[in-house]
$ cat data38.cif   # mmCIF, C-alpha atoms
data_entry
#
loop_
_atom_site.label_atom_id
_atom_site.label_comp_id
_atom_site.auth_asym_id
_atom_site.auth_seq_id
_atom_site.Cartn_x
_atom_site.Cartn_y
_atom_site.Cartn_z
CA MET A 1 18.50 14.78 -4.52
CA PHE A 2 17.90 11.02 -4.56
CA GLU A 3 21.56 10.02 -4.95
CA ASN A 4 22.17 11.17 -1.37
CA TYR A 5 19.87 8.40 -0.17
CA ARG A 6 21.45 5.51 -2.06
CA SER A 7 23.95 4.92 0.72
CA PHE A 8 20.99 4.09 2.99
CA PHE A 9 20.49 0.88 0.98
CA PRO A 10 23.52 -1.46 0.97
CA ILE A 11 21.88 -3.70 -1.64
CA THR A 12 22.74 -1.06 -4.26
CA SER A 13 26.44 -1.89 -3.97
CA ASN A 14 26.06 -5.24 -5.77
CA ASP A 15 22.44 -5.64 -6.89
CA ILE A 16 19.73 -3.78 -8.76
CA TYR A 17 16.58 -3.92 -6.68
CA VAL A 18 13.42 -3.08 -8.60
CA ASN A 19 10.91 -5.24 -6.75
CA HIS A 20 9.29 -2.79 -4.34
CA ALA A 21 5.79 -3.85 -5.45
CA ALA A 22 6.59 -7.15 -3.70
CA VAL A 23 8.69 -6.20 -0.67
CA SER A 24 11.22 -3.43 -0.09
CA PRO A 25 14.72 -3.68 1.38
CA LEU A 26 15.14 -2.02 4.75
CA SER A 27 17.40 1.00 4.96
CA VAL A 28 20.40 1.11 7.29
CA LYS A 29 18.58 3.76 9.30
CA VAL A 30 15.66 1.39 9.86
CA ILE A 31 18.02 -1.45 10.78
CA THR A 32 19.91 0.81 13.21
CA ALA A 33 16.72 1.89 14.94
CA ILE A 34 15.53 -1.71 15.28
CA THR A 35 18.94 -2.96 16.44
CA ASP A 36 19.11 -0.25 19.11
CA LEU A 37 15.64 -1.24 20.31
CA LEU A 38 16.56 -4.93 20.45
CA GLN A 39 19.68 -4.07 22.45
CA HIS A 40 17.54 -2.19 24.97
CA LEU A 41 15.10 -5.09 25.16
CA SER A 42 17.98 -7.47 25.78
CA THR A 43 20.26 -5.67 28.21
CA GLY A 44 18.75 -2.30 29.03
CA GLN A 45 15.40 -1.00 30.15
CA ILE A 46 13.09 -3.83 29.12
CA ASP A 47 9.73 -2.16 29.63
CA LEU A 48 9.76 0.56 26.96
CA PHE A 49 6.06 1.29 26.66
CA SER A 50 6.64 5.04 26.88
CA LEU A 51 9.05 4.82 23.95
CA PHE A 52 6.43 2.87 22.01
CA ILE A 53 3.94 5.70 22.55
CA GLU A 54 6.46 8.20 21.17
CA ARG A 55 7.37 6.12 18.11
CA ARG A 56 3.74 5.31 17.35
CA ALA A 57 2.92 9.03 17.42
CA GLU A 58 5.86 9.71 15.11
CA LEU A 59 4.71 7.02 12.70
CA LYS A 60 1.15 8.30 12.63
CA ASN A 61 2.34 11.83 12.02
CA ASN A 62 4.44 10.68 9.05
CA LEU A 63 1.55 8.69 7.60
CA ALA A 64 -0.81 11.62 8.06
CA ARG A 65 1.61 13.79 6.07
CA LEU A 66 1.83 11.21 3.29
CA ILE A 67 -1.96 10.98 2.76
CA HIS A 68 -3.08 14.43 4.04
CA ALA A 69 -5.11 13.05 6.93
CA ASP A 70 -5.52 13.87 10.60
CA VAL A 71 -3.36 11.84 12.98
CA ASN A 72 -6.42 10.81 15.02
CA GLN A 73 -7.94 9.18 11.93
CA ILE A 74 -5.07 6.68 11.59
CA ALA A 75 -4.69 3.31 13.34
CA ILE A 76 -1.57 1.14 13.22
CA ILE A 77 -2.38 -2.44 12.22
CA SER A 78 -0.53 -5.42 10.78
CA ASN A 79 -1.41 -5.48 7.09
CA THR A 80 -3.92 -4.69 4.35
CA SER A 81 -6.01 -7.80 4.96
CA GLU A 82 -6.44 -6.93 8.62
CA GLY A 83 -7.60 -3.44 7.71
CA LEU A 84 -10.19 -4.63 5.22
CA ASN A 85 -11.48 -7.18 7.70
CA TRP A 86 -11.87 -4.42 10.30
CA LEU A 87 -13.99 -2.54 7.76
CA VAL A 88 -16.09 -5.57 6.83
CA GLY A 89 -16.59 -6.68 10.42
CA SER A 90 -17.40 -3.28 11.88
CA LEU A 91 -20.25 -2.46 9.51
CA THR A 92 -23.80 -3.78 9.85
CA TRP A 93 -24.89 -5.75 6.79
CA LYS A 94 -28.29 -6.80 5.54
CA LYS A 95 -29.20 -9.63 3.23
CA LYS A 96 -29.13 -8.48 -0.42
CA ASP A 97 -26.72 -5.61 0.31
CA ARG A 98 -24.27 -5.32 -2.59
CA ILE A 99 -20.53 -4.58 -2.71
CA LEU A 100 -18.79 -3.38 -5.85
CA LEU A 101 -15.31 -4.76 -6.58
CA VAL A 102 -13.03 -4.84 -9.63
CA GLU A 103 -11.77 -7.71 -11.76
CA ASN A 104 -8.10 -8.71 -11.49
CA GLU A 105 -7.65 -7.18 -8.04
CA PHE A 106 -5.16 -8.65 -5.57
CA PRO A 107 -6.97 -11.23 -3.37
CA ALA A 108 -6.52 -9.15 -0.20
CA ASN A 109 -9.10 -6.76 -1.63
CA ILE A 110 -11.50 -9.57 -2.58
CA TYR A 111 -11.64 -12.29 0.08
CA PRO A 112 -12.78 -10.17 3.06
CA PHE A 113 -15.83 -9.16 1.01
CA MET A 114 -16.43 -12.67 -0.36
CA ASN A 115 -16.63 -13.81 3.25
CA LEU A 116 -19.85 -11.77 3.56
CA GLN A 117 -21.60 -13.86 0.91
CA ARG A 118 -22.48 -16.46 3.56
CA ARG A 119 -24.53 -13.71 5.21
CA GLY A 120 -26.44 -12.94 2.02
CA VAL A 121 -24.34 -10.00 0.83
CA GLU A 122 -23.88 -9.98 -2.96
CA LEU A 123 -20.84 -8.94 -5.00
CA ASP A 124 -20.58 -7.20 -8.36
CA PHE A 125 -17.36 -6.94 -10.36
CA VAL A 126 -16.47 -4.01 -12.61
CA PRO A 127 -14.76 -5.29 -15.79
CA VAL A 128 -11.22 -4.35 -16.77
CA HIS A 129 -10.55 -3.27 -20.37
CA ASP A 130 -6.93 -3.77 -21.54
CA GLY A 131 -5.78 -3.31 -17.97
CA LYS A 132 -7.82 -0.14 -17.41
CA ILE A 133 -10.74 0.58 -15.10
CA PHE A 134 -13.13 3.26 -16.32
CA PRO A 135 -15.19 5.32 -13.87
CA ASP A 136 -18.14 5.19 -16.31
CA ASP A 137 -18.16 1.40 -15.93
CA ILE A 138 -18.31 1.80 -12.17
CA LYS A 139 -21.43 3.94 -12.56
CA LYS A 140 -23.09 1.24 -14.66
CA PHE A 141 -22.71 -1.38 -11.92
CA ILE A 142 -24.09 0.72 -9.07
CA THR A 143 -27.55 -0.33 -7.91
CA SER A 144 -29.90 0.96 -5.24
CA ARG A 145 -28.52 -1.75 -2.93
CA THR A 146 -24.82 -1.00 -3.51
CA ARG A 147 -23.35 0.00 -0.15
CA LEU A 148 -19.60 -0.05 -0.69
CA LEU A 149 -16.96 0.11 -3.43
CA SER A 150 -13.45 -1.19 -2.78
CA ILE A 151 -10.66 -0.63 -5.28
CA SER A 152 -6.87 -0.44 -5.36
CA PHE A 153 -5.00 2.85 -5.54
CA VAL A 154 -2.68 1.10 -8.04
CA GLU A 155 -3.37 -2.26 -9.71
CA PHE A 156 -0.70 -4.78 -8.78
CA LEU A 157 -0.37 -6.52 -12.16
CA ASN A 158 0.22 -3.63 -14.54
CA GLY A 159 0.58 -0.54 -12.35
CA PHE A 160 -2.61 1.16 -13.55
CA ARG A 161 -3.38 4.11 -11.26
CA ASN A 162 -7.09 4.52 -10.62
CA ASP A 163 -8.69 7.96 -10.82
CA LEU A 164 -9.55 8.13 -7.13
CA GLU A 165 -10.93 11.66 -7.22
CA THR A 166 -13.47 10.84 -9.95
CA ILE A 167 -14.38 7.55 -8.26
CA GLY A 168 -14.70 9.30 -4.91
CA LYS A 169 -17.19 11.76 -6.38
CA ILE A 170 -19.21 8.91 -7.88
CA CYS A 171 -19.36 7.21 -4.49
CA LYS A 172 -20.41 10.38 -2.70
CA ASP A 173 -23.09 11.09 -5.32
CA HIS A 174 -24.54 7.61 -4.71
CA ASN A 175 -23.99 7.52 -0.92
CA ILE A 176 -21.57 4.59 -1.21
CA ILE A 177 -18.68 3.88 1.17
CA PHE A 178 -15.40 4.37 -0.73
CA SER A 179 -12.66 1.95 0.34
CA VAL A 180 -9.13 1.96 -1.11
CA ASP A 181 -6.40 -0.66 -0.89
CA GLY A 182 -3.42 1.69 -0.87
CA ILE A 183 -0.53 -0.73 -0.61
CA GLN A 184 0.77 -0.32 -4.18
CA GLY A 185 0.75 3.47 -4.17
CA ILE A 186 1.21 5.05 -0.75
CA GLY A 187 4.85 5.95 -0.23
CA ALA A 188 5.48 6.29 -3.96
CA LEU A 189 2.67 8.58 -5.13
CA PRO A 190 0.84 11.59 -3.68
CA LEU A 191 -2.55 10.91 -2.13
CA ASP A 192 -4.98 13.37 -0.56
CA VAL A 193 -7.73 11.35 1.12
CA ARG A 194 -9.88 14.41 1.69
CA GLN A 195 -9.66 15.66 -1.87
CA ALA A 196 -10.49 12.18 -3.19
CA GLN A 197 -13.34 11.87 -0.66
CA ILE A 198 -12.06 8.49 0.48
CA ASP A 199 -13.80 6.92 3.47
CA PHE A 200 -11.33 4.15 4.21
CA VAL A 201 -7.73 3.35 3.27
CA CYS A 202 -5.49 0.56 4.46
CA ALA A 203 -2.01 -0.57 3.49
CA GLY A 204 0.73 -2.88 4.65
CA GLY A 205 4.06 -1.14 5.10
CA HIS A 206 6.48 -3.59 3.52
CA LYS A 207 6.17 -2.41 -0.09
CA TRP A 208 6.39 1.28 -1.05
CA LEU A 209 6.43 2.44 2.60
CA MET A 210 9.72 0.51 2.98
CA SER A 211 8.87 -0.66 6.48
CA PRO A 212 9.20 -4.04 8.24
CA GLN A 213 6.66 -6.68 7.32
CA GLY A 214 3.72 -6.96 9.72
CA CYS A 215 3.31 -3.23 10.29
CA GLY A 216 0.70 -1.26 8.34
CA PHE A 217 -2.06 1.25 8.91
CA MET A 218 -5.64 2.20 8.15
CA TYR A 219 -7.32 5.56 7.75
CA ILE A 220 -10.98 6.08 8.62
CA ALA A 221 -12.82 9.26 7.64
CA PRO A 222 -14.89 10.89 10.42
CA GLU A 223 -18.25 10.12 8.79
CA LEU A 224 -17.42 6.43 8.45
CA HIS A 225 -15.85 6.27 11.90
CA ALA A 226 -19.19 7.31 13.40
CA ARG A 227 -20.91 4.38 11.66
CA LEU A 228 -18.49 1.61 12.63
CA GLN A 229 -19.01 -0.69 15.61
CA PRO A 230 -15.65 -2.35 16.37
CA VAL A 231 -15.85 -6.09 15.87
CA PHE A 232 -13.06 -6.64 18.42
CA ALA A 233 -12.28 -5.03 21.75
CA GLY A 234 -9.07 -5.12 23.77
CA TRP A 235 -7.53 -3.50 26.79
CA LEU A 236 -5.93 -0.72 24.74
CA SER A 237 -9.03 0.11 22.71
CA VAL A 238 -10.84 1.77 25.62
CA LYS A 239 -10.52 4.98 27.60
CA ASN A 240 -8.55 4.77 30.87
CA SER A 241 -7.00 1.52 29.73
CA TRP A 242 -4.51 1.51 32.59
CA ASN A 243 -7.33 1.32 35.12
CA PHE A 244 -7.26 -2.44 34.75
CA LEU A 245 -10.12 -3.56 36.95
CA ASP A 246 -12.95 -1.15 36.13
CA TYR A 247 -14.02 -3.26 33.09
CA LYS A 248 -15.72 -0.33 31.40
CA LEU A 249 -16.11 -0.94 27.67
CA ASP A 250 -15.85 2.72 26.72
CA PHE A 251 -14.16 2.86 23.31
CA LEU A 252 -11.67 5.60 22.49
CA GLU A 253 -13.14 8.36 20.35
CA ASN A 254 -10.53 8.16 17.59
CA ALA A 255 -9.06 5.44 15.36
CA GLU A 256 -6.84 4.27 18.20
CA ARG A 257 -9.80 2.14 19.33
CA TYR A 258 -8.73 -0.35 16.64
CA GLU A 259 -5.31 -0.83 18.23
CA ILE A 260 -6.64 -3.39 20.63
CA GLY A 261 -3.58 -4.87 22.32
CA THR A 262 0.19 -5.21 22.40
CA PRO A 263 1.45 -3.99 19.00
CA ASN A 264 4.34 -4.88 16.74
CA PHE A 265 6.70 -2.59 18.63
CA ILE A 266 9.71 -3.55 16.52
CA GLY A 267 7.81 -2.90 13.30
CA ILE A 268 6.54 0.46 14.55
CA VAL A 269 10.05 1.65 15.41
CA GLY A 270 11.29 0.68 11.94
CA ALA A 271 8.25 2.09 10.16
CA ALA A 272 8.58 5.43 11.96
CA VAL A 273 12.06 5.85 10.50
CA ALA A 274 11.14 4.59 7.03
CA THR A 275 8.07 6.79 6.64
CA GLY A 276 10.01 9.76 7.99
CA ILE A 277 12.41 9.46 5.06
CA LEU A 278 9.54 9.22 2.57
CA ALA A 279 7.76 12.24 4.06
CA GLU A 280 11.02 14.20 3.98
CA ILE A 281 11.50 13.44 0.29
CA ASP A 282 7.81 14.20 -0.48
CA PRO A 283 5.70 11.80 -2.58
CA GLN A 284 5.40 14.44 -5.31
CA ASN A 285 9.16 14.27 -5.88
CA THR A 286 9.15 10.47 -5.69
CA GLN A 287 6.37 10.29 -8.26
CA THR A 288 8.24 12.51 -10.74
CA HIS A 289 11.35 10.37 -10.37
CA LEU A 290 9.50 7.08 -10.81
CA LEU A 291 7.67 8.32 -13.91
CA ASN A 292 11.00 9.36 -15.43
CA LEU A 293 12.57 5.98 -14.68
CA GLY A 294 9.49 4.29 -16.11
CA GLU A 295 9.72 6.22 -19.37
CA LYS A 296 13.30 5.04 -19.84
CA LEU A 297 12.30 1.47 -19.08
CA ILE A 298 9.31 1.54 -21.45
CA HIS A 299 11.35 3.06 -24.28
CA GLY A 300 14.26 0.66 -23.85
CA LEU A 301 12.27 -2.58 -23.53
CA THR A 302 9.73 -1.81 -26.27
CA GLU A 303 12.67 -1.10 -28.58
CA LEU A 304 13.79 -4.66 -27.83
CA GLY A 305 10.37 -6.05 -28.79
CA PHE A 306 8.67 -6.34 -25.40
CA THR A 307 5.08 -5.17 -24.93
CA TYR A 308 4.37 -2.72 -22.14
CA ILE A 309 0.99 -3.66 -20.60
CA GLY A 310 0.40 -0.54 -18.53
CA SER A 311 -1.31 2.69 -19.47
CA THR A 312 0.46 5.18 -21.74
CA GLU A 313 -1.33 8.06 -20.00
CA GLN A 314 0.99 9.79 -17.54
CA LYS A 315 -1.75 10.31 -14.93
CA GLU A 316 -2.52 6.57 -15.00
CA LYS A 317 1.07 5.42 -14.41
CA SER A 318 2.66 4.54 -11.10
CA GLY A 319 5.89 2.91 -9.98
CA ILE A 320 5.00 -0.47 -11.52
CA TYR A 321 6.02 -1.30 -15.12
CA SER A 322 5.12 -4.70 -16.57
CA PHE A 323 6.08 -6.24 -19.90
CA THR A 324 5.17 -9.34 -21.86
CA GLY A 325 7.14 -11.05 -24.58
CA THR A 326 8.52 -14.39 -25.63
CA ASP A 327 10.49 -16.43 -23.11
CA THR A 328 9.85 -14.09 -20.17
CA GLU A 329 10.19 -16.90 -17.65
CA ASN A 330 13.76 -17.68 -18.72
CA LEU A 331 14.61 -13.99 -19.02
CA PHE A 332 13.35 -13.56 -15.45
CA LYS A 333 15.77 -16.29 -14.32
CA PHE A 334 18.57 -14.71 -16.34
CA LEU A 335 18.05 -11.30 -14.73
CA ASN A 336 17.92 -12.90 -11.27
CA SER A 337 21.23 -14.62 -11.99
CA ARG A 338 22.68 -11.16 -12.81
CA ARG A 339 21.48 -9.85 -9.44
CA VAL A 340 18.47 -7.96 -10.74
CA HIS A 341 15.51 -8.30 -8.37
CA LEU A 342 12.07 -8.14 -10.02
CA SER A 343 8.84 -10.15 -10.14
CA LEU A 344 7.21 -12.46 -12.66
CA ARG A 345 3.44 -12.04 -12.52
CA ASN A 346 1.17 -13.90 -14.96
CA LYS A 347 4.22 -14.41 -17.20
CA ALA A 348 4.85 -10.66 -17.29
CA LEU A 349 8.10 -9.11 -16.10
CA ARG A 350 7.18 -6.60 -13.39
CA PHE A 351 9.70 -3.88 -12.55
CA SER A 352 9.01 -1.57 -9.60
CA PRO A 353 11.83 0.89 -8.79
CA HIS A 354 11.74 3.33 -5.89
CA PHE A 355 13.18 6.74 -5.15
CA TYR A 356 16.80 5.59 -4.64
CA ASN A 357 17.03 3.75 -7.97
CA ASN A 358 18.74 5.69 -10.75
CA ASP A 359 19.07 5.98 -14.53
CA GLU A 360 22.21 3.86 -14.64
CA GLU A 361 20.38 0.90 -13.11
CA ILE A 362 17.58 1.16 -15.66
CA GLU A 363 20.15 1.31 -18.47
CA GLN A 364 21.86 -1.77 -17.05
CA ILE A 365 18.55 -3.67 -16.98
CA ILE A 366 17.90 -2.79 -20.63
CA LEU A 367 21.44 -3.84 -21.56
CA LEU A 368 21.04 -7.21 -19.81
CA CYS A 369 17.75 -7.83 -21.62
CA GLN A 370 19.49 -6.99 -24.90
CA GLN A 371 22.31 -9.40 -24.07
CA TYR A 372 19.81 -12.16 -23.34
CA ILE A 373 17.99 -11.66 -26.62
CA ARG A 374 21.21 -11.62 -28.65
CA ARG A 375 22.94 -14.47 -26.83
#
$ encode --input "data38.cif" --output "structure tokens"
Amino acid sequence: MFENYRSFFPITSNDIYVNHAAVSPLSVKVITAITDLLQHLSTGQIDLFSLFIERRAELKNNLARLIHADVNQIAIISNTSEGLNWLVGSLTWKKKDRILLVENEFPANIYPFMNLQRRGVELDFVPVHDGKIFPDDIKKFITSRTRLLSISFVEFLNGFRNDLETIGKICKDHNIIFSVDGIQGIGALPLDVRQAQIDFVCAGGHKWLMSPQGCGFMYIAPELHARLQPVFAGWLSVKNSWNFLDYKLDFLENAERYEIGTPNFIGIVGAAVATGILAEIDPQNTQTHLLNLGEKLIHGLTELGFTYIGSTEQKEKSGIYSFTGTDTENLFKFLNSRRVHLSLRNKALRFSPHFYNNDEEIEQIILLCQQYIRR
């Protein structure tokens, strides 16, 4: 089924793109939608606010399908960092409150919480063991003052997929807010926010959601929504926003209250198309495909002497596959010169294919690595 989508991505004609954990290429359908919008904004009807409302609703509906949420619980924002700062800023904190984080997380899921230390909030870090995070370790670090846990859906360095359902139960049992940085998993893997008892999720759209940069979203569960006091207010965050001069700060009842002003209209139009494709494919199908591609990659590169640094457990794998070995920096340059797009993270080669990548591309990557070794 995935071969039918390859024509959406012109980069496949000359390159092998397996760098979706960094930033994804835009499909021709996304480009067409954006180009049409820009044409309207240049020579047609310039004020397209009604079209924005339609495309925003379409985007939210797609995102709700991808994470099994209600549309009214989703707000469109710019990126992961913005979402986490909304969470941090909209809660009331007391001195000596504690937040539980995880070692080796991407900084976007660390700095917003570090910023609370100047207000007397304290941080604890769950250790990582050989790239894995164990729920039992999380339990050990919970104290009577722990108010929130924030963790990634998928760890960016080695692709380890956290057991969100088990962690969600731990948080509920201890009355802790459960926050998830979803950027490395949503769009590639299934996620049910209700089943995992997640209170808050945010993600930028430019990785696995295959959307323009600067357009992301956040999900807020009803119980958490009732506890948040928005740190910012804007003309679009209130009821009757088009009644300009009544100056009534009456926040909208749903997550739309966090969409405070003029949005990234271009990004929303592109993201609506991109997420529509992903919802049509179904994350369950994407996951199966990515795990199969990963198995081929792991087998081929370990045969060549590279060390796979992710989990060998199927339920802990994602779309990210990282490998260490000798001379990885030069091999990275060699693969780039052969038009293979990947990342080098902490001297590890990080491959992150998506649904439109195929077996032949993985075989070609393995062959190129073999050629480099035997040169």
$ resolve_selection --input "data38.cif" --expression "the PyMOL selection byres ((chain A and resi 325) around 9)" --output "PyMOL selection string"
chain A and resi 305-307+323-324+326-328+347-349
$ resolve_selection --input "data38.cif" --expression "the PyMOL selection byres ((chain A and resi 132-134) around 12)" --output "ChimeraX atom specification"
/A:101-105,125-131,135-141,151-155,157-164,166-167,170,309-313,316-317
$ closest_atom_pairs --input "data38.cif" --of "region 122-189 of chain A" --to "region 282-295 of chain A" --cutoff "10 Å" --atoms "only C-alpha atoms" --output "CSV"
residue,atom,partner,partner_atom,distance
A:Gly185,CA,A:Gln287,CA,9.7
A:Ile186,CA,A:Pro283,CA,8.3
A:Gly187,CA,A:Pro283,CA,6.4
A:Ala188,CA,A:Pro283,CA,5.7
A:Leu189,CA,A:Pro283,CA,5.1
$ residues_around --input "data38.cif" --residues "Ser337 (chain A)" --least-positions-apart "4" --cutoff "12 Å" --atoms "all atoms listed in the file" --output "list in words"
Asp15, Ile16, Asn330, Leu331, Phe332, Lys333, His341, Leu342, Leu368 and Tyr372 of chain A
$ resolve_selection --input "data38.cif" --expression "the PyMOL selection byres ((chain A and resi 56) around 9)" --output "VMD selection string"
chain A and resid 51 to 55 57 to 61 76 265 268 to 269 272
$ write_last_selection --input "data38.cif" --atoms "C-alpha atoms" --output "PDB file, in the coordinates of the input"
ATOM      1  CA  LEU A  51       9.050   4.820  23.950  1.00  0.00           C
ATOM      2  CA  PHE A  52       6.430   2.870  22.010  1.00  0.00           C
ATOM      3  CA  ILE A  53       3.940   5.700  22.550  1.00  0.00           C
ATOM      4  CA  GLU A  54       6.460   8.200  21.170  1.00  0.00           C
ATOM      5  CA  ARG A  55       7.370   6.120  18.110  1.00  0.00           C
ATOM      6  CA  ALA A  57       2.920   9.030  17.420  1.00  0.00           C
ATOM      7  CA  GLU A  58       5.860   9.710  15.110  1.00  0.00           C
ATOM      8  CA  LEU A  59       4.710   7.020  12.700  1.00  0.00           C
ATOM      9  CA  LYS A  60       1.150   8.300  12.630  1.00  0.00           C
ATOM     10  CA  ASN A  61       2.340  11.830  12.020  1.00  0.00           C
ATOM     11  CA  ILE A  76      -1.570   1.140  13.220  1.00  0.00           C
ATOM     12  CA  PHE A 265       6.700  -2.590  18.630  1.00  0.00           C
ATOM     13  CA  ILE A 268       6.540   0.460  14.550  1.00  0.00           C
ATOM     14  CA  VAL A 269      10.050   1.650  15.410  1.00  0.00           C
ATOM     15  CA  ALA A 272       8.580   5.430  11.960  1.00  0.00           C
TER      16      ALA A 272
END
$ closest_residue --input "data38.cif" --among "A:Val273, A:Val121, A:Leu87, A:Ala279" --to "Arg227 (chain A)" --atoms "all atoms listed in the file"
A:Leu87
$ closest_residue --input "data38.cif" --among "A:Pro263, A:Pro107, A:Gly89, A:Gly270" --to "Leu228 (chain A)" --atoms "all atoms listed in the file"
A:Gly89
$ residues_around --input "data38.cif" --residues "Cys369 (chain A)" --least-positions-apart "6" --cutoff "9 Å" --atoms "all atoms listed in the file" --output "list in words"
Leu301, Leu304, Leu331, Phe334 and Leu335 of chain A
$ write_last_selection --input "data38.cif" --atoms "C-alpha atoms" --output "JSON list (two decimals), keeping the file's coordinate frame"
[["chain", "number", "residue", "atom", "x", "y", "z"],
["A", 301, "LEU", "CA", 12.27, -2.58, -23.53],
["A", 304, "LEU", "CA", 13.79, -4.66, -27.83],
["A", 331, "LEU", "CA", 14.61, -13.99, -19.02],
["A", 334, "PHE", "CA", 18.57, -14.71, -16.34],
["A", 335, "LEU", "CA", 18.05, -11.30, -14.73]]
$ residues_around --input "data38.cif" --residues "Ser81 (chain A)" --least-positions-apart "4" --cutoff "10 Å" --atoms "only C-alpha atoms" --output "list of chain:residue names"
A:Ile77, A:Asn85, A:Trp86, A:Leu87, A:Pro107, A:Ala108, A:Asn109, A:Ile110, A:Tyr111, A:Pro112, A:Asp181, A:Cys202, A:Ala203, A:Gly204, A:Gly216
$ write_last_selection --input "data38.cif" --atoms "C-alpha atoms" --output "tab-separated table (two decimals), keeping the file's coordinate frame"
chain	number	residue	atom	x	y	z
A	77	ILE	CA	-2.38	-2.44	12.22
A	85	ASN	CA	-11.48	-7.18	7.70
A	86	TRP	CA	-11.87	-4.42	10.30
A	87	LEU	CA	-13.99	-2.54	7.76
A	107	PRO	CA	-6.97	-11.23	-3.37
A	108	ALA	CA	-6.52	-9.15	-0.20
A	109	ASN	CA	-9.10	-6.76	-1.63
A	110	ILE	CA	-11.50	-9.57	-2.58
A	111	TYR	CA	-11.64	-12.29	0.08
A	112	PRO	CA	-12.78	-10.17	3.06
A	181	ASP	CA	-6.40	-0.66	-0.89
A	202	CYS	CA	-5.49	0.56	4.46
A	203	ALA	CA	-2.01	-0.57	3.49
A	204	GLY	CA	0.73	-2.88	4.65
A	216	GLY	CA	0.70	-1.26	8.34
$ atom_distance --input "data38.cif" --atom1 "CA of Val23 (chain A)" --atom2 "CA of His206 (chain A)"
5.4 Å
$ residues_around --input "data38.cif" --residues "Tyr356 (chain A)" --least-positions-apart "4" --cutoff "7 Å" --atoms "all atoms listed in the file" --output "JSON list (two decimals) with C-alpha atoms, in the coordinates of the input"
[["chain", "number", "residue", "atom", "x", "y", "z"],
["A", 2, "PHE", "CA", 17.90, 11.02, -4.56],
["A", 3, "GLU", "CA", 21.56, 10.02, -4.95],
["A", 5, "TYR", "CA", 19.87, 8.40, -0.17],
["A", 6, "ARG", "CA", 21.45, 5.51, -2.06]]
$ atom_distance --input "data38.cif" --atom1 "CA of Leu297 (chain A)" --atom2 "CA of Gln213 (chain A)"
28.2 Å
$ residues_around --input "data38.cif" --residues "Val18 (chain A)" --least-positions-apart "4" --cutoff "9 Å" --atoms "only C-alpha atoms" --output "VMD selection string"
chain A and resid 24 340 to 343 350 to 354 357
$ atom_distance --input "data38.cif" --atom1 "CA of Leu344 (chain A)" --atom2 "CA of Arg374 (chain A)"
21.3 Å
$ closest_residue --input "data38.cif" --among "A:Lys169, A:His40, A:Arg338, A:Arg257" --to "Lys239 (chain A)" --atoms "only C-alpha atoms"
A:Arg257
